[in-house]
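Okay, final.txt is below, compact mmCIF, C-alpha atoms and all ligand atoms:
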# COMPACT_ATOMS: atom_id res chain seq x y z
CA MET A 1 6.58 -20.50 -20.03
CA ASN A 2 3.34 -22.44 -19.84
CA ARG A 3 0.30 -20.39 -20.71
CA VAL A 4 -2.20 -20.90 -17.95
CA LYS A 5 -5.22 -18.70 -17.84
CA ILE A 6 -6.25 -16.90 -14.67
CA ASP A 7 -9.73 -15.53 -14.72
CA PHE A 8 -9.66 -11.90 -13.54
CA ARG A 9 -13.26 -10.94 -12.98
CA TYR A 10 -14.05 -7.64 -11.31
CA PRO A 11 -17.45 -6.48 -10.05
CA SER A 12 -18.83 -3.81 -12.36
CA PHE A 13 -19.00 -1.08 -9.68
CA LEU A 14 -15.19 -1.18 -9.44
CA ARG A 15 -14.52 -1.40 -13.16
CA GLU A 16 -13.69 2.26 -13.74
CA ALA A 17 -11.38 2.38 -10.73
CA ILE A 18 -9.62 -0.82 -11.78
CA ASP A 19 -9.09 0.46 -15.33
CA SER A 20 -7.88 3.91 -14.28
CA GLU A 21 -4.50 5.07 -15.61
CA GLU A 22 -4.01 7.67 -12.86
CA LYS A 23 -0.78 7.53 -10.93
CA TYR A 24 -2.56 7.88 -7.59
CA LEU A 25 -6.08 6.70 -7.05
CA CYS A 26 -8.11 6.45 -3.84
CA VAL A 27 -10.98 4.06 -3.36
CA ALA A 28 -12.91 4.64 -0.15
CA ALA A 29 -15.55 2.02 0.40
CA GLY A 30 -17.54 0.37 3.16
CA ARG A 31 -16.54 -2.85 4.86
CA ARG A 32 -16.38 -6.04 2.85
CA THR A 33 -17.34 -4.40 -0.40
CA GLY A 34 -14.43 -6.05 -2.26
CA LYS A 35 -11.65 -3.44 -2.00
CA THR A 36 -8.79 -5.69 -0.96
CA TYR A 37 -9.80 -8.72 -2.99
CA ASN A 38 -10.15 -6.83 -6.27
CA PHE A 39 -7.10 -4.63 -5.91
CA VAL A 40 -5.01 -7.68 -5.04
CA MET A 41 -6.33 -9.15 -8.27
CA TRP A 42 -5.49 -5.89 -10.06
CA LEU A 43 -1.94 -5.98 -8.69
CA ILE A 44 -1.44 -9.57 -9.83
CA GLU A 45 -2.90 -8.86 -13.27
CA GLU A 46 -0.75 -5.76 -13.75
CA LEU A 47 2.42 -7.58 -12.72
CA LEU A 48 1.71 -10.64 -14.83
CA SER A 49 1.11 -8.54 -17.91
CA THR A 50 4.61 -6.99 -17.84
CA PRO A 51 7.79 -8.81 -16.82
CA LYS A 52 10.08 -7.53 -14.10
CA LEU A 53 7.70 -5.02 -12.57
CA LYS A 54 8.19 -4.14 -8.94
CA GLY A 55 5.04 -4.38 -6.87
CA LEU A 56 4.26 -3.40 -3.29
CA HIS A 57 1.45 -4.34 -0.93
CA VAL A 58 1.29 -2.37 2.32
CA ASP A 59 -1.04 -3.49 5.06
CA THR A 60 -1.77 -2.84 8.73
CA THR A 61 0.13 -5.71 10.35
CA GLN A 62 2.48 -8.56 9.44
CA ALA A 63 -0.24 -11.00 10.49
CA ASN A 64 -2.68 -9.49 8.00
CA ILE A 65 -0.12 -9.89 5.22
CA VAL A 66 0.05 -13.60 5.90
CA LYS A 67 -3.75 -13.73 6.06
CA TYR A 68 -4.16 -12.01 2.69
CA PHE A 69 -1.46 -14.17 1.18
CA ASP A 70 -3.23 -17.34 2.27
CA ARG A 71 -6.76 -16.19 1.50
CA TYR A 72 -6.36 -14.05 -1.61
CA TYR A 73 -2.98 -14.29 -3.35
CA PHE A 74 -2.55 -18.02 -3.07
CA PRO A 75 -6.03 -19.03 -4.36
CA MET A 76 -5.91 -16.43 -7.16
CA LEU A 77 -2.51 -17.66 -8.33
CA LYS A 78 -3.44 -21.31 -7.91
CA PRO A 79 -3.10 -22.26 -11.61
CA ILE A 80 0.49 -20.97 -11.68
CA ILE A 81 1.45 -21.21 -8.03
CA HIS A 82 4.09 -23.89 -8.77
CA LEU A 83 5.86 -21.27 -10.92
CA CYS A 84 5.77 -18.59 -8.20
CA LYS A 85 8.04 -18.22 -5.21
CA TRP A 86 6.88 -17.04 -1.78
CA ASP A 87 9.70 -15.99 0.50
CA LYS A 88 8.17 -16.30 3.95
CA GLN A 89 11.09 -14.67 5.70
CA LYS A 90 11.36 -11.61 3.54
CA TYR A 91 7.71 -11.45 2.49
CA VAL A 92 8.40 -11.33 -1.23
CA LEU A 93 6.24 -13.03 -3.80
CA THR A 94 7.97 -13.60 -7.14
CA LEU A 95 5.82 -14.32 -10.17
CA PRO A 96 6.83 -16.52 -13.12
CA ASN A 97 7.78 -13.48 -15.26
CA GLN A 98 10.20 -12.13 -12.64
CA SER A 99 7.81 -9.44 -11.51
CA TYR A 100 7.61 -9.46 -7.77
CA ILE A 101 5.58 -8.08 -4.87
CA ASP A 102 7.18 -6.85 -1.66
CA PHE A 103 4.86 -6.93 1.32
CA GLY A 104 5.19 -4.52 4.18
CA SER A 105 3.19 -3.24 7.11
CA ALA A 106 2.62 -0.04 9.03
CA GLU A 107 3.70 -2.09 12.04
CA ARG A 108 7.26 -2.41 10.62
CA PRO A 109 7.83 0.68 8.47
CA GLU A 110 11.60 0.28 8.94
CA ASN A 111 11.46 -2.81 6.71
CA LEU A 112 9.90 -0.72 3.95
CA GLU A 113 12.72 1.25 2.43
CA GLY A 114 14.55 2.28 -0.64
CA PHE A 115 12.82 0.82 -3.68
CA ASN A 116 11.10 2.46 -6.56
CA TYR A 117 7.91 0.57 -7.17
CA ASP A 118 5.87 0.37 -10.37
CA ARG A 119 2.60 -0.76 -8.84
CA ALA A 120 1.38 -0.54 -5.26
CA ILE A 121 -1.67 -1.08 -3.14
CA LEU A 122 -2.00 0.57 0.25
CA ASN A 123 -4.64 -1.47 2.00
CA GLU A 124 -6.69 -0.15 4.96
CA ALA A 125 -5.44 3.34 4.15
CA GLY A 126 -7.68 4.89 6.83
CA ILE A 127 -5.71 2.95 9.44
CA ILE A 128 -2.17 2.89 8.05
CA LEU A 129 -2.18 6.60 7.16
CA LYS A 130 -3.01 7.64 10.72
CA LYS A 131 0.76 7.94 10.93
CA GLU A 132 1.50 10.67 8.40
CA SER A 133 5.23 9.90 8.36
CA LEU A 134 4.54 6.51 6.82
CA TRP A 135 3.35 8.33 3.72
CA THR A 136 5.61 11.39 3.66
CA ASN A 137 8.91 9.77 4.74
CA THR A 138 8.57 6.18 3.66
CA LEU A 139 6.03 5.52 0.93
CA ARG A 140 5.77 8.68 -1.14
CA PRO A 141 9.53 8.68 -2.06
CA MET A 142 9.16 5.11 -3.38
CA PHE A 143 6.76 6.14 -6.13
CA LYS A 144 8.92 8.25 -8.41
CA GLY A 145 8.14 7.29 -11.99
CA GLU A 146 5.27 8.81 -13.94
CA HIS A 147 4.23 5.33 -15.07
CA THR A 148 3.75 4.23 -11.45
CA LYS A 149 0.28 3.31 -10.26
CA VAL A 150 -0.58 3.48 -6.58
CA ARG A 151 -3.99 2.38 -5.33
CA ILE A 152 -4.93 3.74 -1.93
CA ILE A 153 -7.89 1.75 -0.64
CA GLY A 154 -9.77 1.51 2.60
CA THR A 155 -12.70 2.44 4.81
CA PRO A 156 -12.43 6.04 6.11
CA LYS A 157 -11.29 6.59 9.69
CA GLY A 158 -12.11 10.20 10.39
CA LYS A 159 -10.44 13.07 8.63
CA ASN A 160 -6.82 11.94 8.71
CA LEU A 161 -4.21 11.89 5.93
CA TYR A 162 -6.28 9.37 3.98
CA HIS A 163 -9.01 12.00 3.71
CA LYS A 164 -6.48 14.56 2.43
CA LEU A 165 -5.20 12.17 -0.22
CA PHE A 166 -8.77 11.30 -1.11
CA ASN A 167 -9.41 14.97 -1.85
CA ARG A 168 -6.04 15.53 -3.55
CA TYR A 169 -6.13 12.65 -6.05
CA LYS A 170 -8.66 11.02 -8.31
CA SER A 171 -11.05 9.17 -6.01
CA PHE A 172 -14.02 6.89 -5.84
CA LYS A 173 -16.38 6.33 -2.94
CA PHE A 174 -18.67 3.35 -2.58
CA ALA A 175 -21.23 2.43 0.06
CA ALA A 176 -21.73 -1.17 1.05
CA TYR A 177 -24.99 -1.02 -0.94
CA ASP A 178 -22.96 -0.60 -4.16
CA SER A 179 -21.29 -3.95 -3.72
CA PRO A 180 -22.77 -7.22 -5.04
CA PHE A 181 -21.06 -9.00 -2.14
CA TRP A 182 -23.55 -7.59 0.36
CA ASP A 183 -27.10 -8.75 0.86
CA LYS A 184 -29.32 -5.66 1.13
CA LYS A 185 -31.46 -7.16 3.90
CA GLU A 186 -28.42 -8.00 5.95
CA LEU A 187 -27.27 -4.41 5.61
CA GLU A 188 -30.64 -3.13 6.83
CA ASN A 189 -30.28 -5.31 9.91
CA ILE A 190 -26.76 -4.10 10.59
CA LYS A 191 -27.89 -0.51 10.19
CA LYS A 192 -30.54 -0.96 12.88
CA GLU A 193 -28.08 -2.52 15.30
CA MET A 194 -25.38 0.10 15.35
CA PRO A 195 -24.90 3.74 16.28
CA GLN A 196 -25.48 5.92 13.23
CA GLN A 197 -21.96 7.37 13.30
CA VAL A 198 -20.45 3.92 13.06
CA TRP A 199 -22.83 2.99 10.28
CA LYS A 200 -21.99 6.09 8.28
CA GLN A 201 -18.27 5.58 8.52
CA GLU A 202 -17.97 1.83 8.25
CA TYR A 203 -20.71 1.08 5.74
CA LEU A 204 -21.38 4.30 3.85
CA ALA A 205 -17.65 5.15 3.77
CA GLU A 206 -18.15 8.73 4.98
CA PHE A 207 -15.22 10.75 6.27
CA LEU A 208 -16.58 11.98 9.62
CA ASP A 209 -15.41 15.00 11.55
CA ASN A 210 -15.58 13.39 14.91
CA GLU A 211 -14.57 9.86 14.19
CA GLY A 212 -14.44 7.65 17.23
CA VAL A 213 -16.57 9.97 19.30
CA VAL A 214 -19.08 7.93 21.23
CA PHE A 215 -21.22 10.28 23.32
CA ARG A 216 -23.02 13.14 21.64
CA GLY A 217 -24.90 15.88 23.44
CA ILE A 218 -22.98 15.63 26.73
CA SER A 219 -23.22 19.37 27.50
CA GLU A 220 -27.01 19.24 27.18
CA CYS A 221 -27.09 16.79 30.08
CA VAL A 222 -25.11 19.02 32.44
CA THR A 223 -27.23 20.73 35.11
CA ASN A 224 -26.22 23.46 37.53
CA THR A 225 -27.15 21.39 40.55
CA THR A 226 -24.74 20.47 43.34
CA LEU A 227 -23.86 17.06 44.65
CA LEU A 228 -25.40 15.85 47.91
CA ASN A 229 -23.79 14.24 50.93
CA LYS A 230 -26.84 12.24 51.76
CA GLY A 231 -30.18 11.35 50.31
CA GLU A 232 -33.47 13.05 50.99
CA LEU A 233 -35.73 11.13 53.33
CA GLY A 234 -37.87 8.53 51.60
CA LYS A 235 -36.49 9.12 48.10
CA PRO A 236 -35.46 6.17 45.96
CA TYR A 237 -31.86 6.23 44.68
CA ALA A 238 -29.85 4.12 42.28
CA MET A 239 -26.22 3.48 43.08
CA ALA A 240 -23.60 2.06 40.71
CA VAL A 241 -20.04 1.01 41.45
CA ASP A 242 -17.17 0.35 39.06
CA LEU A 243 -14.45 -1.31 41.08
CA ALA A 244 -10.74 -0.60 40.74
CA LYS A 245 -8.83 -3.58 39.45
CA HIS A 246 -5.21 -2.60 38.89
CA GLU A 247 -4.21 0.97 38.27
CA ASP A 248 -7.67 2.34 37.77
CA PHE A 249 -10.18 3.94 40.08
CA THR A 250 -13.24 2.89 41.97
CA VAL A 251 -16.12 5.14 41.05
CA ILE A 252 -19.39 5.37 42.97
CA ILE A 253 -22.28 7.17 41.36
CA VAL A 254 -25.68 7.72 42.94
CA CYS A 255 -28.69 8.96 40.98
CA ASP A 256 -32.05 10.31 42.02
CA MET A 257 -34.40 7.81 40.40
CA SER A 258 -37.27 10.27 40.07
CA ASN A 259 -35.44 12.54 37.59
CA ARG A 260 -32.42 10.43 36.58
CA GLN A 261 -30.06 13.01 38.00
CA VAL A 262 -26.58 12.22 39.38
CA VAL A 263 -26.48 13.41 43.01
CA TYR A 264 -23.33 11.75 44.35
CA PHE A 265 -19.94 11.05 42.82
CA ASP A 266 -16.89 9.55 44.48
CA ARG A 267 -13.65 8.36 42.91
CA PHE A 268 -10.62 6.90 44.64
CA ASN A 269 -7.80 4.51 43.85
CA ASN A 270 -7.29 2.62 47.02
CA LEU A 271 -7.15 -1.04 46.07
CA ASP A 272 -7.65 -2.27 49.60
CA TRP A 273 -10.89 -4.15 49.56
CA ASN A 274 -11.96 -3.31 53.11
CA TYR A 275 -11.53 0.36 52.34
CA GLN A 276 -13.59 0.04 49.14
CA LYS A 277 -16.29 -1.93 50.92
CA GLN A 278 -16.57 0.63 53.69
CA LYS A 279 -16.94 3.46 51.18
CA ILE A 280 -19.63 1.55 49.30
CA LEU A 281 -21.55 0.69 52.48
CA ASP A 282 -21.34 4.27 53.78
CA ALA A 283 -22.74 5.73 50.57
CA TRP A 284 -25.37 3.05 50.37
CA LYS A 285 -26.62 3.85 53.88
CA LYS A 286 -26.57 7.61 53.32
CA PHE A 287 -28.77 7.20 50.27
CA ASN A 288 -31.56 5.29 51.96
CA GLY A 289 -30.21 1.84 51.10
CA ALA A 290 -30.14 2.62 47.42
CA GLN A 291 -30.70 0.05 44.75
CA LEU A 292 -27.18 -1.13 44.07
CA ILE A 293 -25.40 -2.47 41.02
CA VAL A 294 -21.76 -3.54 41.05
CA ASP A 295 -19.35 -4.77 38.42
CA SER A 296 -19.10 -8.49 39.18
CA THR A 297 -16.57 -9.43 36.49
CA GLY A 298 -13.33 -11.15 37.48
CA VAL A 299 -11.97 -9.51 40.62
CA GLY A 300 -15.32 -7.86 41.17
CA ASP A 301 -16.79 -11.28 41.74
CA VAL A 302 -15.35 -11.64 45.24
CA VAL A 303 -16.36 -8.11 46.09
CA TYR A 304 -19.85 -8.75 44.86
CA ASP A 305 -20.14 -11.96 46.89
CA ASP A 306 -18.91 -10.14 49.94
CA LEU A 307 -21.53 -7.40 49.51
CA VAL A 308 -24.20 -10.06 49.15
CA ARG A 309 -22.97 -11.58 52.43
CA ALA A 310 -23.15 -8.16 54.07
CA GLY A 311 -26.89 -8.54 53.54
CA ILE A 312 -27.56 -5.70 51.15
CA GLY A 313 -29.56 -6.24 48.00
CA VAL A 314 -27.00 -5.95 45.24
CA GLN A 315 -27.17 -6.70 41.57
CA GLY A 316 -24.04 -7.87 39.73
CA TYR A 317 -23.12 -6.89 36.20
CA LYS A 318 -20.71 -9.12 34.31
CA PHE A 319 -18.73 -7.43 31.59
CA THR A 320 -18.11 -9.15 28.31
CA ASN A 321 -17.48 -7.40 25.01
CA SER A 322 -21.15 -7.79 24.26
CA THR A 323 -22.62 -6.64 27.61
CA LYS A 324 -20.25 -3.68 27.67
CA LYS A 325 -21.36 -2.75 24.17
CA SER A 326 -24.99 -2.89 25.18
CA LEU A 327 -24.36 -0.88 28.38
CA ILE A 328 -22.49 1.83 26.47
CA GLN A 329 -24.97 1.98 23.61
CA ASN A 330 -27.86 2.42 26.04
CA LEU A 331 -25.94 5.22 27.72
CA MET A 332 -25.28 6.79 24.30
CA LEU A 333 -29.03 6.83 23.66
CA SER A 334 -29.81 8.22 27.11
CA ILE A 335 -27.32 11.04 26.64
CA GLU A 336 -28.47 11.82 23.12
CA ASN A 337 -32.06 11.91 24.35
CA ARG A 338 -31.21 13.94 27.50
CA GLU A 339 -32.52 11.10 29.65
CA ILE A 340 -29.76 11.32 32.22
CA LYS A 341 -28.43 14.43 33.93
CA PHE A 342 -25.35 15.32 35.94
CA PRO A 343 -23.75 18.38 37.49
CA HIS A 344 -20.42 19.61 36.10
CA ILE A 345 -18.11 16.85 37.38
CA ASP A 346 -14.77 17.34 35.59
CA THR A 347 -13.63 13.73 35.61
CA LEU A 348 -16.96 12.42 34.43
CA ILE A 349 -17.24 14.93 31.61
CA THR A 350 -13.64 14.43 30.43
CA GLU A 351 -14.10 10.69 30.41
CA LEU A 352 -17.36 10.96 28.48
CA GLU A 353 -15.79 13.32 25.96
CA THR A 354 -12.70 11.23 25.29
CA PHE A 355 -14.34 7.81 25.31
CA GLU A 356 -13.77 6.07 21.98
CA TYR A 357 -14.87 3.20 19.85
CA ASP A 358 -12.96 1.27 17.31
CA MET A 359 -13.87 -1.56 15.06
CA SER A 360 -11.88 -4.76 14.84
CA ALA A 361 -11.01 -6.33 11.50
CA SER A 362 -13.82 -8.83 12.04
CA GLY A 363 -16.34 -6.00 12.38
CA ASN A 364 -16.81 -6.00 16.17
CA ILE A 365 -17.18 -2.63 17.80
CA ARG A 366 -15.18 -2.13 20.97
CA TYR A 367 -15.65 0.76 23.37
CA ASN A 368 -12.77 2.01 25.47
CA ALA A 369 -10.98 4.96 26.96
CA PRO A 370 -8.02 6.04 24.83
CA ASP A 371 -4.62 4.61 25.83
CA GLY A 372 -3.55 5.92 29.19
CA MET A 373 -6.97 7.33 30.09
CA HIS A 374 -9.68 6.00 32.33
CA ASP A 375 -13.27 5.00 31.80
CA ASP A 376 -14.37 4.08 35.32
CA ALA A 377 -16.73 7.05 35.62
CA VAL A 378 -18.29 6.25 32.22
CA ILE A 379 -18.83 2.65 33.26
CA ALA A 380 -20.34 3.66 36.61
CA LEU A 381 -22.68 6.10 34.85
CA GLY A 382 -23.59 3.37 32.36
CA LEU A 383 -24.43 1.01 35.21
CA ALA A 384 -26.56 3.63 36.99
CA ASN A 385 -28.35 4.36 33.74
CA PHE A 386 -28.97 0.65 33.28
CA LEU A 387 -30.42 0.33 36.79
CA MET A 388 -32.95 3.14 36.49
CA PRO A 389 -36.27 2.74 34.72
CA LYS A 390 -36.85 5.20 31.90
CA GLU A 391 -40.06 7.12 31.49
CA ASP A 392 -41.34 5.19 28.50
CA ASP A 393 -39.02 2.29 29.31
CA SER A 394 -38.32 1.71 25.65
CA TYR A 395 -34.86 0.26 26.14
CA VAL A 396 -33.19 -0.71 22.95
CA SER A 397 -31.26 -3.91 23.08
CA PHE A 398 -28.23 -3.84 20.86
CA ILE A 399 -26.83 -7.23 21.64
N1 LIG A 401 -14.17 -10.28 -7.59
C1 LIG A 401 -14.67 -11.05 -6.61
N2 LIG A 401 -15.08 -12.30 -6.88
C2 LIG A 401 -15.56 -13.09 -5.91
N3 LIG A 401 -15.71 -12.73 -4.63
C3 LIG A 401 -15.33 -11.49 -4.29
C4 LIG A 401 -14.78 -10.59 -5.24
N4 LIG A 401 -14.50 -9.44 -4.61
C5 LIG A 401 -14.86 -9.62 -3.31
N5 LIG A 401 -15.35 -10.85 -3.11
C6 LIG A 401 -15.89 -11.38 -1.84
O1 LIG A 401 -16.09 -10.34 -0.90
C7 LIG A 401 -15.34 -10.58 0.29
C8 LIG A 401 -14.84 -9.27 0.87
O2 LIG A 401 -13.92 -8.68 0.00
P1 LIG A 401 -12.73 -7.78 0.51
O3 LIG A 401 -12.06 -7.30 -0.71
O4 LIG A 401 -11.88 -8.49 1.51
O5 LIG A 401 -13.54 -6.61 1.22
P2 LIG A 401 -13.00 -5.20 1.79
O6 LIG A 401 -11.54 -5.16 1.52
O7 LIG A 401 -13.77 -4.18 1.03
O8 LIG A 401 -13.35 -5.21 3.23
C9 LIG A 401 -14.21 -11.50 -0.18
O9 LIG A 401 -13.72 -12.30 0.89
C10 LIG A 401 -14.89 -12.34 -1.21
O10 LIG A 401 -15.62 -13.38 -0.61
MG MG A 402 -10.03 -5.05 3.00

Transcribe the structure of this file into structure tokens.
Ligand SMILES: Nc1ncnc2c1ncn2[C@@H]1O[C@H](COP(=O)(O)OP(=O)(O)O)[C@@H](O)[C@H]1O
Ligand SMILES: [Mg+2]
Amino acid sequence: MNRVKIDFRYPSFLREAIDSEEKYLCVAAGRRTGKTYNFVMWLIEELLSTPKLKGLHVDTTQANIVKYFDRYYFPMLKPIIHLCKWDKQKYVLTLPNQSYIDFGSAERPENLEGFNYDRAILNEAGIILKKESLWTNTLRPMFKGEHTKVRIIGTPKGKNLYHKLFNRYKSFKFAAYDSPFWDKKELENIKKEMPQQVWKQEYLAEFLDNEGVVFRGISECVTNTTLLNKGELGKPYAMAVDLAKHEDFTVIIVCDMSNRQVVYFDRFNNLDWNYQKQKILDAWKKFNGAQLIVDSTGVGDVVYDDLVRAGIGVQGYKFTNSTKKSLIQNLMLSIENREIKFPHIDTLITELETFEYDMSASGNIRYNAPDGMHDDAVIALGLANFLMPKEDDSYVSFI
């Protein structure tokens, strides 16, 4: 076999973890610190140094496997790639010394069965180990030998199985600041732009108790007031409407502008536009022709235009990932700072409590209700909050 040299160069902060002889090792680190890149390199180096070793790379999705093959494996193996074989159907990479790497994903655990591997990396462990059975039924039985080395790497995602394994086995934890691949100034900017919980988890690699929880301090905002049927004479009100699109609800929220208190709440799932319009107009009249804000995205557009034609002053709010993020983050601040108040409205409180965020692979935060739940009341409250001036009016823009 031709001797071609591949330069395996690891950043010094990972050196001890890379060199470890432990069977199981966890490396929890912030985003883009170099986890995947360097443990892919480790896997290749280990397999090239001994013939006929069986390697395994487990990732989140099949698409990510292809991505890591193209971006990491292929360039790293470039000097010897003509001596390797990549089976695109079966996702097997065979190296020139007959060592090979099987690739599998949490998306298709049924394809991951029956082999006893010598070396493995479990990438994005915080995500793939959300399903405990993937570890207990599928992966764990594949690592029998004492000589086996399994590297469990990823950014924490709450206290799931990854956290348990992190505590059970030899582990390392690195913040984004530890990595030479991050610019410290850039990190400072990111820190300022995001909610502290997200920052702690995604960049400081902390295992948080309430991962995904968006609104903190909800109960402190609950008052023992009752809702009103109509506004008090001469008082200014703010009214926000999230319109039902498909299977969701239309929510109307009215707030007393003087104390930022919710005084009216209505929720219904009648998709008939005339019905919705009538409800909106009725509430608007009862609350002294309140200042009005309406979701004007997509379907809402027509509704918004129609309200404009009805001659009432209405402001539209177009939702994009970025405007939704800013609306939610302003509401998060208002709730944390007790700058908005509401009586005990079950639906509203449940929606606020269950509302979640997640972070895409590219680092974008997305806010949503969990699968099968609604967020119409949260959105309506966010819109009302957006419409009302704050005392010191120090709105933070997160966009
Ligand atoms: N050893 C290395 N040499 C050169 N660049 C590296 C190295 N390790 C990481 N990087 C750079 O850092 C980026 C992020 O690394 P990656 O391992 O994908 O991060 P993580 O898995 O921690 O999110 C890589 O795309 C690459 O540009
Ligand atoms: Mg990674």

| query | Which chains and residue numbers are within 9 Å of ligand MG 402 (chain A), counting all atoms listed in the file, if I want them as a list in words? | reply |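 I would give the residues around ligand MG 402 (chain A) as Arg31, Arg32, Thr33, Gly34, Lys35, Thr36, Tyr37, Asn123, Glu124, Ile153, Gly154, Thr155 and Ala361 of chain A.
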
| said: Quick check, in Å to one decimal: how far apart do atom CA of A:Pro236 and atom CA of A:Arg309 lie? | reply: 22.6 Å

| task | Could you please determine the separation between atom CA of A:Pro389 and atom CA of A:Asn259 in Å, to one decimal place? | result |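 It comes out at 10.2 Å.
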
| Selected residue, from A:Lys318, A:Arg119, A:Lys235, A:Lys325, that lies nearest to A:Trp42 when counting only C-alpha atoms | A:Arg119

| request: Mind checking which residues fall within 10 Å of A:Leu233, counting all atoms listed in the file, ignoring those fewer than 2 positions away in the same chain, and posting them as a VMD selection string? | output: chain A and resid 230 to 231 235 to 236 286 to 288

| Interatomic distance (Å, one decimal) between atom C5 of ligand LIG 401 (chain A) and atom CA of A:Gln89 | 27.9 Å

| So which residues touch A:Glu202 within 7 Å, counting all atoms listed in the file, skipping near sequence neighbours fewer than 2 positions away, as a PyMOL selection string? | chain A and resi 30-31+155+198-200+204-205

Could you name the residues that touch stretch 346-351 of chain A at 8 Å or less, counting all atoms listed in the file, but leaving out those on the same chain fewer than 2 positions away, as a compact mmCIF listing (two decimals) with C-alpha atoms, in the coordinates of the input?
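Final output, part_31.txt:
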# COMPACT_ATOMS: atom_id res chain seq x y z
CA ILE A 218 -22.98 15.63 26.73
CA HIS A 344 -20.42 19.61 36.10
CA GLU A 353 -15.79 13.32 25.96
CA THR A 354 -12.70 11.23 25.29
CA PHE A 355 -14.34 7.81 25.31
CA ALA A 369 -10.98 4.96 26.96
CA MET A 373 -6.97 7.33 30.09
CA HIS A 374 -9.68 6.00 32.33
CA ASP A 375 -13.27 5.00 31.80
CA ALA A 377 -16.73 7.05 35.62
CA VAL A 378 -18.29 6.25 32.22

| note | Residue with the minimum atom-to-atom distance to A:Gly158, picked from A:Phe207, A:Tyr72, A:Tyr10, A:Phe39 with only C-alpha atoms counted, is A:Phe207

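For A:Ile365, the list of residues within 10 Å, based on all atoms listed in the file and with local chain neighbours fewer than 6 positions off taken out, reads Met194, Val198, Asn321, Ser322, Lys325, Tyr357, Asp358 and Met359 of chain A.
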
Once you have the residues from the selection above, write them out as a CSV table (one decimal), keeping the file's coordinate frame, restricted to C-alpha atoms.
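File written: part-v4.csv
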chain,number,residue,atom,x,y,z
A,194,MET,CA,-25.4,0.1,15.4
A,198,VAL,CA,-20.4,3.9,13.1
A,321,ASN,CA,-17.5,-7.4,25.0
A,322,SER,CA,-21.2,-7.8,24.3
A,325,LYS,CA,-21.4,-2.8,24.2
A,357,TYR,CA,-14.9,3.2,19.8
A,358,ASP,CA,-13.0,1.3,17.3
A,359,MET,CA,-13.9,-1.6,15.1

What's around A:Ser258 at 12 Å? Count all atoms listed in the file, leave out sequence neighbours fewer than 4 positions away in its own chain, and write the answer as a short mmCIF file (atom, residue, chain, number, x, y, z; two decimals) with C-alpha atoms, in the coordinates of the input.
data_model
loop_
_atom_site.label_atom_id
_atom_site.label_comp_id
_atom_site.auth_asym_id
_atom_site.auth_seq_id
_atom_site.Cartn_x
_atom_site.Cartn_y
_atom_site.Cartn_z
CA GLU A 232 -33.47 13.05 50.99
CA GLY A 234 -37.87 8.53 51.60
CA LYS A 235 -36.49 9.12 48.10
CA PRO A 236 -35.46 6.17 45.96
CA TYR A 237 -31.86 6.23 44.68
CA ALA A 238 -29.85 4.12 42.28
CA VAL A 262 -26.58 12.22 39.38
CA VAL A 263 -26.48 13.41 43.01
CA GLU A 339 -32.52 11.10 29.65
CA ILE A 340 -29.76 11.32 32.22
CA LYS A 341 -28.43 14.43 33.93
CA MET A 388 -32.95 3.14 36.49
CA PRO A 389 -36.27 2.74 34.72
CA LYS A 390 -36.85 5.20 31.90
CA GLU A 391 -40.06 7.12 31.49
#

| query | Please, which residues are within 10 Å of (9.0, -9.7, -17.6) by the file's coordinates, counting all atoms listed in the file, and could they come as a PyMOL selection string? | reply | chain A and resi 47-53+95-100

| message | So, with only C-alpha atoms as the atoms that count, which of A:Asp242, A:Glu132, A:Asp59, A:Asp87 lies closest to A:Gly382? | response |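 Residue with the minimum atom-to-atom distance to A:Gly382: A:Asp242.
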